[in-house]
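Participant: Here you go, start_5.pdb (PDB, C-alpha atoms):
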MODEL        1
ATOM      1  CA  MET A   1      52.336-107.633 123.075
ATOM      2  CA  GLU A   2      52.113-104.315 124.948
ATOM      3  CA  SER A   3      49.810-102.792 122.348
ATOM      4  CA  LEU A   4      47.454-105.756 122.683
ATOM      5  CA  GLU A   5      47.348-105.341 126.463
ATOM      6  CA  ARG A   6      46.819-101.604 126.099
ATOM      7  CA  THR A   7      43.965-102.156 123.614
ATOM      8  CA  PHE A   8      42.389-104.684 125.968
ATOM      9  CA  ASP A   9      42.677-102.259 128.909
ATOM     10  CA  GLU A  10      41.146 -99.434 126.860
ATOM     11  CA  ALA A  11      38.254-101.686 125.837
ATOM     12  CA  GLU A  12      37.642-102.644 129.466
ATOM     13  CA  GLU A  13      37.725 -98.978 130.484
ATOM     14  CA  ALA A  14      35.208 -98.099 127.756
ATOM     15  CA  VAL A  15      32.860-100.830 128.991
ATOM     16  CA  ARG A  16      33.199 -99.559 132.577
ATOM     17  CA  ARG A  17      32.448 -95.991 131.488
ATOM     18  CA  ARG A  18      29.446 -97.124 129.475
ATOM     19  CA  LYS A  19      28.053 -99.027 132.458
ATOM     20  CA  ALA A  20      28.701 -96.113 134.815
ATOM     21  CA  SER A  21      26.998 -93.601 132.549
ATOM     22  CA  SER A  22      23.913 -95.721 131.921
ATOM     23  CA  THR A  23      20.685 -94.121 133.066
ATOM     24  CA  SER A  24      19.324 -97.206 134.799
ATOM     25  CA  PRO A  25      18.205 -96.556 138.388
ATOM     26  CA  VAL A  26      20.413 -99.370 139.671
ATOM     27  CA  ALA A  27      23.554 -97.615 138.407
ATOM     28  CA  ASP A  28      22.400 -94.298 139.900
ATOM     29  CA  GLN A  29      21.812 -95.831 143.336
ATOM     30  CA  THR A  30      25.063 -97.750 143.583
ATOM     31  CA  SER A  31      27.589 -95.045 142.740
ATOM     32  CA  VAL A  32      27.248 -91.290 142.318
ATOM     33  CA  PHE A  33      30.076 -89.069 141.107
ATOM     34  CA  ALA A  34      31.433 -86.907 143.934
ATOM     35  CA  ARG A  35      34.976 -85.548 143.924
ATOM     36  CA  PHE A  36      36.844 -82.876 145.896
ATOM     37  CA  VAL A  37      38.894 -80.562 143.662
ATOM     38  CA  ARG A  38      40.587 -77.336 144.790
ATOM     39  CA  GLY A  39      38.217 -76.423 147.595
ATOM     40  CA  LYS A  40      35.068 -77.455 145.731
ATOM     41  CA  VAL A  41      33.094 -80.672 145.504
ATOM     42  CA  LEU A  42      32.002 -81.797 142.069
ATOM     43  CA  TYR A  43      28.740 -83.673 142.661
ATOM     44  CA  ARG A  44      26.496 -84.922 139.861
ATOM     45  CA  ASP A  45      26.065 -81.875 137.614
ATOM     46  CA  MET A  46      26.779 -79.303 140.361
ATOM     47  CA  VAL A  47      29.820 -77.620 141.863
ATOM     48  CA  LEU A  48      29.437 -77.235 145.631
ATOM     49  CA  GLN A  49      31.410 -74.495 147.343
ATOM     50  CA  GLU A  50      31.224 -72.453 150.527
ATOM     51  CA  ASP A  51      28.084 -70.313 151.031
ATOM     52  CA  ASP A  52      25.960 -72.431 148.654
ATOM     53  CA  HIS A  53      22.327 -72.885 149.695
ATOM     54  CA  ILE A  54      21.374 -76.546 149.380
ATOM     55  CA  HIS A  55      18.514 -78.940 150.090
ATOM     56  CA  VAL A  56      19.669 -82.145 151.801
ATOM     57  CA  THR A  57      17.789 -85.445 151.728
ATOM     58  CA  LYS A  58      19.095 -88.225 153.998
ATOM     59  CA  PHE A  59      17.814 -91.774 153.700
ATOM     60  CA  VAL A  60      18.182 -93.180 157.212
ATOM     61  CA  VAL A  61      18.612 -96.939 157.316
ATOM     62  CA  PRO A  62      17.473 -98.452 160.611
ATOM     63  CA  PRO A  63      19.962-100.858 162.185
ATOM     64  CA  ALA A  64      19.129-104.497 161.433
ATOM     65  CA  THR A  65      20.166-106.011 164.748
ATOM     66  CA  SER A  66      17.253-108.399 165.105
ATOM     67  CA  SER A  67      14.439-109.811 163.015
ATOM     68  CA  ALA A  68      11.902-108.100 165.317
ATOM     69  CA  THR A  69      13.210-104.695 164.241
ATOM     70  CA  GLU A  70      12.758-105.581 160.592
ATOM     71  CA  GLN A  71       9.176-106.708 161.210
ATOM     72  CA  GLN A  72       8.260-103.473 162.975
ATOM     73  CA  GLN A  73       9.306-101.262 160.100
ATOM     74  CA  PRO A  74       8.155-102.122 156.594
ATOM     75  CA  ASN A  75      10.447-101.759 153.578
ATOM     76  CA  GLU A  76      10.362 -97.994 153.966
ATOM     77  CA  ALA A  77      13.403 -96.146 155.296
ATOM     78  CA  PRO A  78      12.769 -92.856 157.110
ATOM     79  CA  VAL A  79      13.772 -89.759 155.179
ATOM     80  CA  VAL A  80      15.178 -86.568 156.724
ATOM     81  CA  GLU A  81      15.050 -83.378 154.640
ATOM     82  CA  TYR A  82      16.316 -79.889 155.423
ATOM     83  CA  ASN A  83      17.769 -76.747 153.865
ATOM     84  CA  ALA A  84      21.322 -75.759 154.724
ATOM     85  CA  ILE A  85      24.262 -73.539 153.839
ATOM     86  CA  VAL A  86      27.650 -75.052 153.009
ATOM     87  CA  CYS A  87      30.205 -73.779 155.549
ATOM     88  CA  ASP A  88      33.330 -75.807 154.826
ATOM     89  CA  LEU A  89      34.469 -78.506 152.412
ATOM     90  CA  THR A  90      37.135 -81.160 152.792
ATOM     91  CA  SER A  91      37.947 -84.206 150.713
ATOM     92  CA  ALA A  92      35.933 -86.421 153.081
ATOM     93  CA  GLU A  93      33.263 -84.146 154.606
ATOM     94  CA  ILE A  94      30.966 -81.236 153.878
ATOM     95  CA  PHE A  95      30.116 -79.102 156.910
ATOM     96  CA  VAL A  96      26.733 -77.375 156.701
ATOM     97  CA  LEU A  97      24.654 -75.014 158.835
ATOM     98  CA  LYS A  98      21.097 -76.339 158.959
ATOM     99  CA  GLU A  99      18.070 -74.056 158.922
ATOM    100  CA  ASN A 100      17.484 -74.724 162.651
ATOM    101  CA  GLY A 101      20.911 -73.218 163.473
ATOM    102  CA  LYS A 102      22.806 -76.451 164.087
ATOM    103  CA  TYR A 103      25.983 -77.486 162.324
ATOM    104  CA  THR A 104      26.238 -80.966 160.839
ATOM    105  CA  ARG A 105      28.585 -82.823 158.564
ATOM    106  CA  LEU A 106      27.834 -84.811 155.456
ATOM    107  CA  LEU A 107      30.248 -87.516 154.392
ATOM    108  CA  VAL A 108      31.333 -87.494 150.750
ATOM    109  CA  GLN A 109      31.159 -91.303 150.860
ATOM    110  CA  ASP A 110      27.432 -91.038 151.714
ATOM    111  CA  LEU A 111      26.982 -88.829 148.639
ATOM    112  CA  ARG A 112      28.702 -91.471 146.526
ATOM    113  CA  ASN A 113      26.598 -94.375 147.778
ATOM    114  CA  GLY A 114      23.337 -92.409 147.550
ATOM    115  CA  SER A 115      22.312 -92.379 151.223
ATOM    116  CA  VAL A 116      22.530 -88.555 151.102
ATOM    117  CA  VAL A 117      21.284 -86.477 148.165
ATOM    118  CA  ILE A 118      22.047 -82.776 147.732
ATOM    119  CA  ASP A 119      20.065 -80.483 145.457
ATOM    120  CA  PRO A 120      20.256 -76.714 145.003
ATOM    121  CA  ALA A 121      17.813 -74.934 147.327
ATOM    122  CA  ASP A 122      14.838 -73.344 145.627
ATOM    123  CA  GLY A 123      15.083 -69.577 145.402
ATOM    124  CA  ASP A 124      11.392 -69.188 146.312
ATOM    125  CA  GLU A 125      11.729 -70.705 149.798
ATOM    126  CA  ASN A 126      12.895 -68.806 152.863
ATOM    127  CA  GLU A 127      16.431 -69.957 153.559
TER     128      GLU A 127
ENDMDL
END
What is this structure when it is put down as structure tokens?
Facilitator:
Amino acid sequence: MESLERTFDEAEEAVRRRKASSTSPVADQTSVFARFVRGKVLYRDMVLQEDDHIHVTKFVVPPATSSATEQQQPNEAPVVEYNAIVCDLTSAEIFVLKENGKYTRLLVQDLRNGSVVIDPADGDENE
């Protein structure tokens, strides 16, 4: 009986992994791999650590408090982009120094749900 349950659980896990690793845009937007391990954040195919130069893209969702607000702004969310340097990492937050000299924090949960995207900064740009 236990081996049957274990086989069933393994099959369910394989299906979950297959769905999570699919390349469909819906899967990419709903959940992105981001994990804090030993002072580093594993994010997509990168390892973020202190002193890394990154390019941050934030998709700002306007608050939907009334229907008038939704009518004023079409289906386009404002996007904020900037270059930054990683200053500190925790399991819940990434503290960065933006190019304008201000410190800000990025939530790991926002990385996971796709509202914040981090890419390596281009070496050609002034950082």
Participant: Name every residue that the PyMOL selection byres ((chain A and resi 82) around 12) selects in this structure, writing the answer as a PyMOL selection string with chains first and numbers rising.
Facilitator: chain A and resi 53-58+79-81+83-85+96-102+104+116-122+125-127
Participant: Applying 10 Å and all atoms listed in the file, which residues near A:Thr90 remain after dropping the ones on its own chain fewer than 3 positions away? List them as a list of chain:residue names.
Facilitator: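 The residues that qualify are A:Phe36, A:Val37, A:Arg38, A:Gly39, A:Lys40, A:Val41, A:Glu93, A:Ile94, A:Phe95, A:Leu107, A:Val108.
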Participant: I'd like the neighbourhood of A:Ala34 as a VMD selection string, where a residue qualifies if any of its atoms comes within 10 Å (using all atoms listed in the file), though same-chain residues fewer than 4 positions away should be ignored.
Facilitator: chain A and resid 41 to 47 91 108 to 113
Participant: Which distance in Å separates atom CA of A:Leu48 and atom CA of A:Leu89, to one decimal?
Facilitator: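 So the two atoms, atom CA of A:Leu48 and atom CA of A:Leu89, lie 8.5 Å apart.
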Participant: Please indicate the distance in Å from atom CA of A:Cys87 to atom CA of A:Pro63, rounded to one decimal place.
Facilitator: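 Atom-to-atom, atom CA of A:Cys87 to atom CA of A:Pro63, that is 29.7 Å.
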Participant: One decimal, Å: what's the distance from atom CA of A:Val86 over to atom CA of A:Arg105, could you say?
Facilitator: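 Taking atom CA of A:Val86 and atom CA of A:Arg105, their separation equals 9.6 Å.
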Participant: Please determine the residues with any atom at most 8 Å from (18.9, -97.2, 155.7) (coordinates as given in the file, with all atoms listed in the file counting) and report them as a list in words.
Facilitator: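 Result, sorted by chain then residue number: Phe59, Val60, Val61, Pro62, Pro63, Ala77, Pro78 and Ser115 of chain A.
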